$ cat final-v9.cif   # mmCIF, C-alpha atoms
data_work
loop_
_atom_site.group_PDB
_atom_site.id
_atom_site.type_symbol
_atom_site.label_atom_id
_atom_site.label_comp_id
_atom_site.auth_asym_id
_atom_site.auth_seq_id
_atom_site.Cartn_x
_atom_site.Cartn_y
_atom_site.Cartn_z
ATOM 1 C CA MET X 1 -18.878 5.123 -16.270
ATOM 2 C CA ALA X 2 -20.052 8.309 -14.543
ATOM 3 C CA LEU X 3 -20.579 9.881 -17.962
ATOM 4 C CA GLN X 4 -22.637 6.840 -18.973
ATOM 5 C CA GLU X 5 -24.790 7.360 -15.890
ATOM 6 C CA ALA X 6 -25.157 11.063 -16.693
ATOM 7 C CA ALA X 7 -26.414 10.171 -20.174
ATOM 8 C CA LEU X 8 -29.430 8.404 -18.604
ATOM 9 C CA ALA X 9 -30.796 11.497 -16.840
ATOM 10 C CA PRO X 10 -32.109 13.510 -19.826
ATOM 11 C CA SER X 11 -34.449 10.653 -20.790
ATOM 12 C CA HIS X 12 -36.576 11.762 -17.825
ATOM 13 C CA ALA X 13 -35.830 15.507 -18.097
ATOM 14 C CA ASP X 14 -33.168 15.530 -15.389
ATOM 15 C CA VAL X 15 -29.862 17.421 -15.489
ATOM 16 C CA PRO X 16 -27.211 14.999 -16.819
ATOM 17 C CA VAL X 17 -25.042 14.354 -13.794
ATOM 18 C CA GLY X 18 -23.648 10.918 -13.054
ATOM 19 C CA ALA X 19 -21.672 9.349 -10.234
ATOM 20 C CA ILE X 20 -20.047 6.030 -9.428
ATOM 21 C CA ALA X 21 -18.527 4.668 -6.222
ATOM 22 C CA VAL X 22 -15.476 2.426 -6.444
ATOM 23 C CA LEU X 23 -13.852 0.231 -3.795
ATOM 24 C CA ASP X 24 -10.638 -1.658 -4.543
ATOM 25 C CA GLY X 25 -11.186 -1.176 -8.272
ATOM 26 C CA GLN X 26 -14.736 -2.555 -8.147
ATOM 27 C CA LEU X 27 -17.914 -0.624 -8.894
ATOM 28 C CA ILE X 28 -20.102 -0.667 -5.766
ATOM 29 C CA GLY X 29 -22.502 2.194 -6.423
ATOM 30 C CA ARG X 30 -23.854 4.252 -9.266
ATOM 31 C CA GLY X 31 -26.431 6.901 -9.889
ATOM 32 C CA HIS X 32 -27.684 9.732 -12.037
ATOM 33 C CA ASN X 33 -29.923 12.675 -11.268
ATOM 34 C CA ARG X 34 -33.573 11.698 -10.770
ATOM 35 C CA ARG X 35 -35.062 14.834 -9.197
ATOM 36 C CA GLU X 36 -37.673 15.363 -11.909
ATOM 37 C CA ILE X 37 -38.828 11.774 -12.307
ATOM 38 C CA ASP X 38 -38.859 11.071 -8.562
ATOM 39 C CA GLN X 39 -40.038 14.580 -7.580
ATOM 40 C CA ASP X 40 -37.386 14.446 -4.866
ATOM 41 C CA PRO X 41 -34.993 17.342 -4.213
ATOM 42 C CA THR X 42 -32.425 14.914 -2.761
ATOM 43 C CA ALA X 43 -32.377 12.599 -5.796
ATOM 44 C CA HIS X 44 -28.874 13.569 -6.888
ATOM 45 C CA ALA X 45 -26.478 11.199 -8.634
ATOM 46 C CA GLU X 46 -24.010 11.292 -5.746
ATOM 47 C CA MET X 47 -26.643 10.372 -3.159
ATOM 48 C CA PHE X 48 -27.635 7.239 -5.071
ATOM 49 C CA ALA X 49 -24.019 6.163 -5.504
ATOM 50 C CA LEU X 50 -23.237 6.774 -1.818
ATOM 51 C CA ARG X 51 -26.320 4.874 -0.623
ATOM 52 C CA GLN X 52 -25.539 1.876 -2.818
ATOM 53 C CA ALA X 53 -21.911 1.895 -1.703
ATOM 54 C CA ALA X 54 -22.956 1.895 1.965
ATOM 55 C CA GLN X 55 -25.267 -1.063 1.308
ATOM 56 C CA VAL X 56 -22.469 -3.026 -0.356
ATOM 57 C CA VAL X 57 -19.917 -2.169 2.344
ATOM 58 C CA GLY X 58 -22.489 -2.791 5.073
ATOM 59 C CA PHE X 59 -21.508 0.335 6.963
ATOM 60 C CA TRP X 60 -22.203 4.061 6.631
ATOM 61 C CA ARG X 61 -18.518 4.929 6.779
ATOM 62 C CA LEU X 62 -17.102 4.754 3.273
ATOM 63 C CA GLU X 63 -13.489 5.019 4.379
ATOM 64 C CA ASN X 64 -11.903 3.274 1.379
ATOM 65 C CA VAL X 65 -14.320 4.345 -1.347
ATOM 66 C CA THR X 66 -13.602 6.797 -4.158
ATOM 67 C CA LEU X 67 -16.533 8.665 -5.669
ATOM 68 C CA TYR X 68 -16.298 9.739 -9.311
ATOM 69 C CA CYS X 69 -18.747 12.441 -10.441
ATOM 70 C CA THR X 70 -19.239 14.385 -13.619
ATOM 71 C CA LEU X 71 -19.981 17.626 -11.732
ATOM 72 C CA GLU X 72 -18.641 19.270 -8.586
ATOM 73 C CA PRO X 73 -21.027 18.401 -5.742
ATOM 74 C CA CYS X 74 -23.664 20.699 -4.301
ATOM 75 C CA PRO X 75 -23.657 21.520 -0.560
ATOM 76 C CA MET X 76 -26.019 18.624 0.249
ATOM 77 C CA CYS X 77 -23.922 16.027 -1.546
ATOM 78 C CA ALA X 78 -20.658 17.463 -0.223
ATOM 79 C CA GLY X 79 -22.086 17.282 3.293
ATOM 80 C CA ALA X 80 -23.053 13.653 2.760
ATOM 81 C CA MET X 81 -19.506 12.894 1.598
ATOM 82 C CA VAL X 82 -18.060 14.434 4.753
ATOM 83 C CA LEU X 83 -20.536 12.531 6.926
ATOM 84 C CA ALA X 84 -19.697 9.273 5.121
ATOM 85 C CA ARG X 85 -15.980 9.862 5.770
ATOM 86 C CA LEU X 86 -15.346 9.546 2.051
ATOM 87 C CA PRO X 87 -11.587 9.788 1.533
ATOM 88 C CA ARG X 88 -11.539 10.905 -2.108
ATOM 89 C CA LEU X 89 -13.725 12.604 -4.686
ATOM 90 C CA VAL X 90 -12.826 12.815 -8.362
ATOM 91 C CA PHE X 91 -14.995 15.127 -10.438
ATOM 92 C CA GLY X 92 -15.075 16.436 -13.969
ATOM 93 C CA THR X 93 -16.292 20.002 -14.146
ATOM 94 C CA THR X 94 -16.900 22.726 -11.597
ATOM 95 C CA ASP X 95 -20.282 24.194 -10.742
ATOM 96 C CA PRO X 96 -19.780 27.985 -10.663
ATOM 97 C CA LYS X 97 -23.302 28.573 -9.313
ATOM 98 C CA GLY X 98 -23.510 26.013 -6.510
ATOM 99 C CA GLY X 99 -20.334 23.995 -6.205
ATOM 100 C CA ALA X 100 -19.271 22.973 -2.717
ATOM 101 C CA GLY X 101 -15.961 21.378 -3.629
ATOM 102 C CA GLY X 102 -13.900 24.526 -3.930
ATOM 103 C CA SER X 103 -15.534 26.799 -6.503
ATOM 104 C CA VAL X 104 -18.330 28.621 -4.625
ATOM 105 C CA MET X 105 -17.567 27.080 -1.234
ATOM 106 C CA ASP X 106 -15.515 24.180 0.083
ATOM 107 C CA ILE X 107 -17.525 22.017 2.432
ATOM 108 C CA LEU X 108 -15.301 19.055 1.593
ATOM 109 C CA ASN X 109 -12.315 20.706 3.255
ATOM 110 C CA HIS X 110 -13.898 23.111 5.704
ATOM 111 C CA PRO X 111 -11.565 23.597 8.671
ATOM 112 C CA ARG X 112 -14.389 23.418 11.245
ATOM 113 C CA LEU X 113 -15.683 20.015 10.100
ATOM 114 C CA ASN X 114 -14.410 16.720 11.472
ATOM 115 C CA HIS X 115 -13.398 15.184 8.129
ATOM 116 C CA ARG X 116 -11.674 16.318 4.930
ATOM 117 C CA VAL X 117 -12.176 14.828 1.481
ATOM 118 C CA GLU X 118 -9.309 14.773 -0.993
ATOM 119 C CA ILE X 119 -10.475 16.424 -4.222
ATOM 120 C CA ILE X 120 -9.184 15.623 -7.688
ATOM 121 C CA ALA X 121 -10.898 18.044 -10.058
ATOM 122 C CA GLY X 122 -10.922 18.418 -13.815
ATOM 123 C CA VAL X 123 -10.845 14.754 -14.848
ATOM 124 C CA LEU X 124 -12.517 14.527 -18.280
ATOM 125 C CA GLN X 125 -13.541 18.143 -17.700
ATOM 126 C CA GLU X 126 -14.325 18.946 -21.329
ATOM 127 C CA SER X 127 -16.526 15.871 -21.801
ATOM 128 C CA CYS X 128 -18.371 16.448 -18.533
ATOM 129 C CA ALA X 129 -18.939 20.128 -19.288
ATOM 130 C CA ALA X 130 -20.051 19.408 -22.868
ATOM 131 C CA VAL X 131 -22.880 17.153 -21.664
ATOM 132 C CA LEU X 132 -24.209 19.876 -19.384
ATOM 133 C CA ILE X 133 -23.776 22.659 -21.944
ATOM 134 C CA ALA X 134 -25.687 20.666 -24.568
ATOM 135 C CA PHE X 135 -28.499 19.862 -22.133
ATOM 136 C CA PHE X 136 -29.036 23.481 -21.087
ATOM 137 C CA ALA X 137 -28.681 24.762 -24.675
ATOM 138 C CA LYS X 138 -31.481 22.393 -25.695
ATOM 139 C CA LEU X 139 -33.687 23.626 -22.836
ATOM 140 C CA ARG X 140 -33.099 27.251 -23.838
ATOM 141 C CA ALA X 141 -33.838 26.453 -27.492
ATOM 142 C CA GLU X 142 -37.118 24.870 -26.399
ATOM 143 C CA GLY X 143 -37.967 27.954 -24.341
ATOM 144 C CA GLN X 144 -37.558 26.248 -20.976
ATOM 145 C CA LYS X 145 -35.545 27.456 -17.969
#
$ encode --input "final-v9.cif" --output "C-alpha coordinates"
Amino acid sequence: MALQEAALAPSHADVPVGAIAVLDGQLIGRGHNRREIDQDPTAHAEMFALRQAAQVVGFWRLENVTLYCTLEPCPMCAGAMVLARLPRLVFGTTDPKGGAGGSVMDILNHPRLNHRVEIIAGVLQESCAAVLIAFFAKLRAEGQK
(Lines of atoms letter the chains of each structure in order from A and count residues from 1; the text may use other names and numbers.)
(Lines give C-alpha, C1' and ligand atoms only; values in the text may rest on other atoms or scores of the structure.)
Protein backbone atom coordinates (compact mmCIF):
# COMPACT_ATOMS: atom_id res chain seq x y z
CA MET A 1 0.00 0.00 0.00
CA ALA A 2 2.88 2.40 0.70
CA LEU A 3 4.25 1.64 -2.77
CA GLN A 4 0.82 2.42 -4.23
CA GLU A 5 0.90 5.77 -2.45
CA ALA A 6 4.42 6.43 -3.73
CA ALA A 7 3.23 5.82 -7.29
CA LEU A 8 0.87 8.83 -6.99
CA ALA A 9 3.62 11.39 -6.33
CA PRO A 10 5.26 11.60 -9.79
CA SER A 11 1.94 12.68 -11.35
CA HIS A 12 2.61 16.07 -9.73
CA ALA A 13 6.42 16.00 -10.06
CA ASP A 14 7.06 14.88 -6.49
CA VAL A 15 9.62 12.29 -5.37
CA PRO A 16 7.82 8.92 -5.15
CA VAL A 17 7.70 8.24 -1.44
CA GLY A 18 4.66 6.70 0.20
CA ALA A 19 3.60 5.92 3.75
CA ILE A 20 0.73 4.23 5.53
CA ALA A 21 -0.23 4.06 9.21
CA VAL A 22 -1.75 0.87 10.56
CA LEU A 23 -3.50 0.21 13.88
CA ASP A 24 -4.66 -3.30 14.79
CA GLY A 25 -4.36 -4.38 11.16
CA GLN A 26 -6.48 -1.48 9.90
CA LEU A 27 -5.29 1.34 7.65
CA ILE A 28 -5.77 4.64 9.52
CA GLY A 29 -3.51 6.99 7.58
CA ARG A 30 -1.83 7.30 4.23
CA GLY A 31 0.18 9.78 2.28
CA HIS A 32 2.64 10.46 -0.50
CA ASN A 33 5.04 13.32 -1.09
CA ARG A 34 3.30 16.56 -2.11
CA ARG A 35 6.06 19.15 -1.68
CA GLU A 36 5.97 20.33 -5.29
CA ILE A 37 2.21 20.49 -5.76
CA ASP A 38 1.57 22.05 -2.34
CA GLN A 39 4.75 24.18 -2.35
CA ASP A 40 5.23 23.03 1.24
CA PRO A 41 8.59 21.78 2.54
CA THR A 42 6.80 19.71 5.21
CA ALA A 43 4.51 17.89 2.76
CA HIS A 44 6.20 14.52 3.19
CA ALA A 45 4.38 11.19 2.91
CA GLU A 46 5.05 10.33 6.55
CA MET A 47 3.62 13.61 7.84
CA PHE A 48 0.32 13.04 6.04
CA ALA A 49 0.05 9.48 7.32
CA LEU A 50 0.87 10.54 10.89
CA ARG A 51 -1.64 13.41 10.85
CA GLN A 52 -4.43 11.19 9.54
CA ALA A 53 -3.60 8.51 12.10
CA ALA A 54 -3.78 11.05 14.94
CA GLN A 55 -7.18 12.23 13.68
CA VAL A 56 -8.51 8.67 13.60
CA VAL A 57 -7.08 7.79 17.03
CA GLY A 58 -8.21 11.14 18.43
CA PHE A 59 -4.92 11.71 20.21
CA TRP A 60 -1.44 12.87 19.21
CA ARG A 61 0.22 9.87 20.83
CA LEU A 62 0.30 7.04 18.32
CA GLU A 63 1.36 4.42 20.83
CA ASN A 64 -0.04 1.37 19.02
CA VAL A 65 0.44 2.48 15.42
CA THR A 66 2.95 1.07 12.94
CA LEU A 67 4.12 3.32 10.12
CA TYR A 68 5.16 1.70 6.84
CA CYS A 69 7.25 3.85 4.48
CA THR A 70 9.00 3.24 1.21
CA LEU A 71 12.03 5.34 2.23
CA GLU A 72 13.97 5.87 5.45
CA PRO A 73 12.64 9.06 7.06
CA CYS A 74 14.33 12.45 6.97
CA PRO A 75 15.18 14.25 10.24
CA MET A 76 11.86 16.14 10.26
CA CYS A 77 9.75 13.01 9.84
CA ALA A 78 11.88 11.01 12.27
CA GLY A 79 11.45 13.79 14.83
CA ALA A 80 7.69 13.71 14.33
CA MET A 81 7.70 9.95 14.90
CA VAL A 82 9.56 10.37 18.18
CA LEU A 83 7.20 13.14 19.27
CA ALA A 84 4.18 10.99 18.36
CA ARG A 85 5.57 8.13 20.48
CA LEU A 86 5.34 5.87 17.46
CA PRO A 87 6.39 2.39 18.58
CA ARG A 88 7.44 0.95 15.22
CA LEU A 89 8.59 2.04 11.78
CA VAL A 90 8.94 -0.34 8.85
CA PHE A 91 10.69 1.07 5.81
CA GLY A 92 11.90 -0.17 2.47
CA THR A 93 15.11 1.49 1.40
CA THR A 94 17.68 3.67 3.12
CA ASP A 95 18.39 7.28 2.27
CA PRO A 96 22.19 7.60 2.15
CA LYS A 97 22.02 11.39 1.78
CA GLY A 98 19.52 12.33 4.48
CA GLY A 99 18.24 9.31 6.34
CA ALA A 100 17.53 9.73 10.03
CA GLY A 101 16.68 6.12 10.81
CA GLY A 102 20.19 4.78 11.09
CA SER A 103 22.02 5.50 7.83
CA VAL A 104 23.22 9.12 8.11
CA MET A 105 21.93 9.67 11.65
CA ASP A 106 19.56 7.91 14.03
CA ILE A 107 17.05 10.30 15.50
CA LEU A 108 14.63 7.42 16.03
CA ASN A 109 16.91 5.86 18.62
CA HIS A 110 18.95 8.78 19.87
CA PRO A 111 19.97 8.15 23.48
CA ARG A 112 19.22 11.73 24.59
CA LEU A 113 15.60 11.71 23.38
CA ASN A 114 12.68 10.58 25.52
CA HIS A 115 11.36 7.92 23.13
CA ARG A 116 12.79 5.21 20.88
CA VAL A 117 11.18 3.84 17.73
CA GLU A 118 11.72 0.22 16.76
CA ILE A 119 13.03 0.12 13.18
CA ILE A 120 12.48 -2.70 10.72
CA ALA A 121 14.43 -1.79 7.59
CA GLY A 122 14.74 -3.37 4.18
CA VAL A 123 11.17 -4.59 3.68
CA LEU A 124 10.53 -4.69 -0.09
CA GLN A 125 13.85 -2.85 -0.40
CA GLU A 126 14.41 -3.62 -4.08
CA SER A 127 10.92 -2.48 -5.12
CA CYS A 128 11.13 0.69 -3.04
CA ALA A 129 14.59 1.55 -4.36
CA ALA A 130 13.59 0.80 -7.97
CA VAL A 131 10.79 3.39 -7.87
CA LEU A 132 13.19 6.08 -6.69
CA ILE A 133 15.97 5.09 -9.10
CA ALA A 134 13.57 5.22 -12.06
CA PHE A 135 12.21 8.61 -11.00
CA PHE A 136 15.64 10.23 -10.69
CA ALA A 137 16.91 8.57 -13.89
CA LYS A 138 13.98 10.12 -15.75
CA LEU A 139 14.74 13.56 -14.27
CA ARG A 140 18.39 13.28 -15.31
CA ALA A 141 17.40 12.16 -18.82
CA GLU A 142 15.16 15.22 -19.08
CA GLY A 143 18.01 17.46 -17.93
CA GLN A 144 16.49 18.27 -14.56
CA LYS A 145 18.15 18.07 -11.13
$ closest_residue --input "final-v9.cif" --among "X:Arg85, X:Lys138, X:Arg35, X:His12" --to "Val117 of chain X" --atoms "only C-alpha atoms"
X:Arg85
$ closest_residue --input "final-v9.cif" --among "X:Gly18, X:Gly79, X:Pro73, X:Pro87" --to "Gly102 of chain X" --atoms "all atoms listed in the file"
X:Pro73
$ atom_distance --input "final-v9.cif" --atom1 "atom CA of Gly101 of chain X" --atom2 "atom CA of Val15 of chain X"
18.7 Å
$ residues_around --input "final-v9.cif" --residues "Val123 of chain X" --least-positions-apart "3" --cutoff "10 Å" --atoms "all atoms listed in the file" --output "VMD selection string"
chain X and resid 68 to 70 90 to 93 120 126 to 128
$ atom_distance --input "final-v9.cif" --atom1 "atom CA of Leu8 of chain X" --atom2 "atom CA of Leu67 of chain X"
18.3 Å
$ residues_around --input "final-v9.cif" --residues "Asp14 of chain X" --least-positions-apart "3" --cutoff "10 Å" --atoms "only C-alpha atoms" --output "ChimeraX atom specification"
/X:6-11,17,32-38,44,135
$ atom_distance --input "final-v9.cif" --atom1 "atom CA of Ile119 of chain X" --atom2 "atom CA of Ala134 of chain X"
25.8 Å
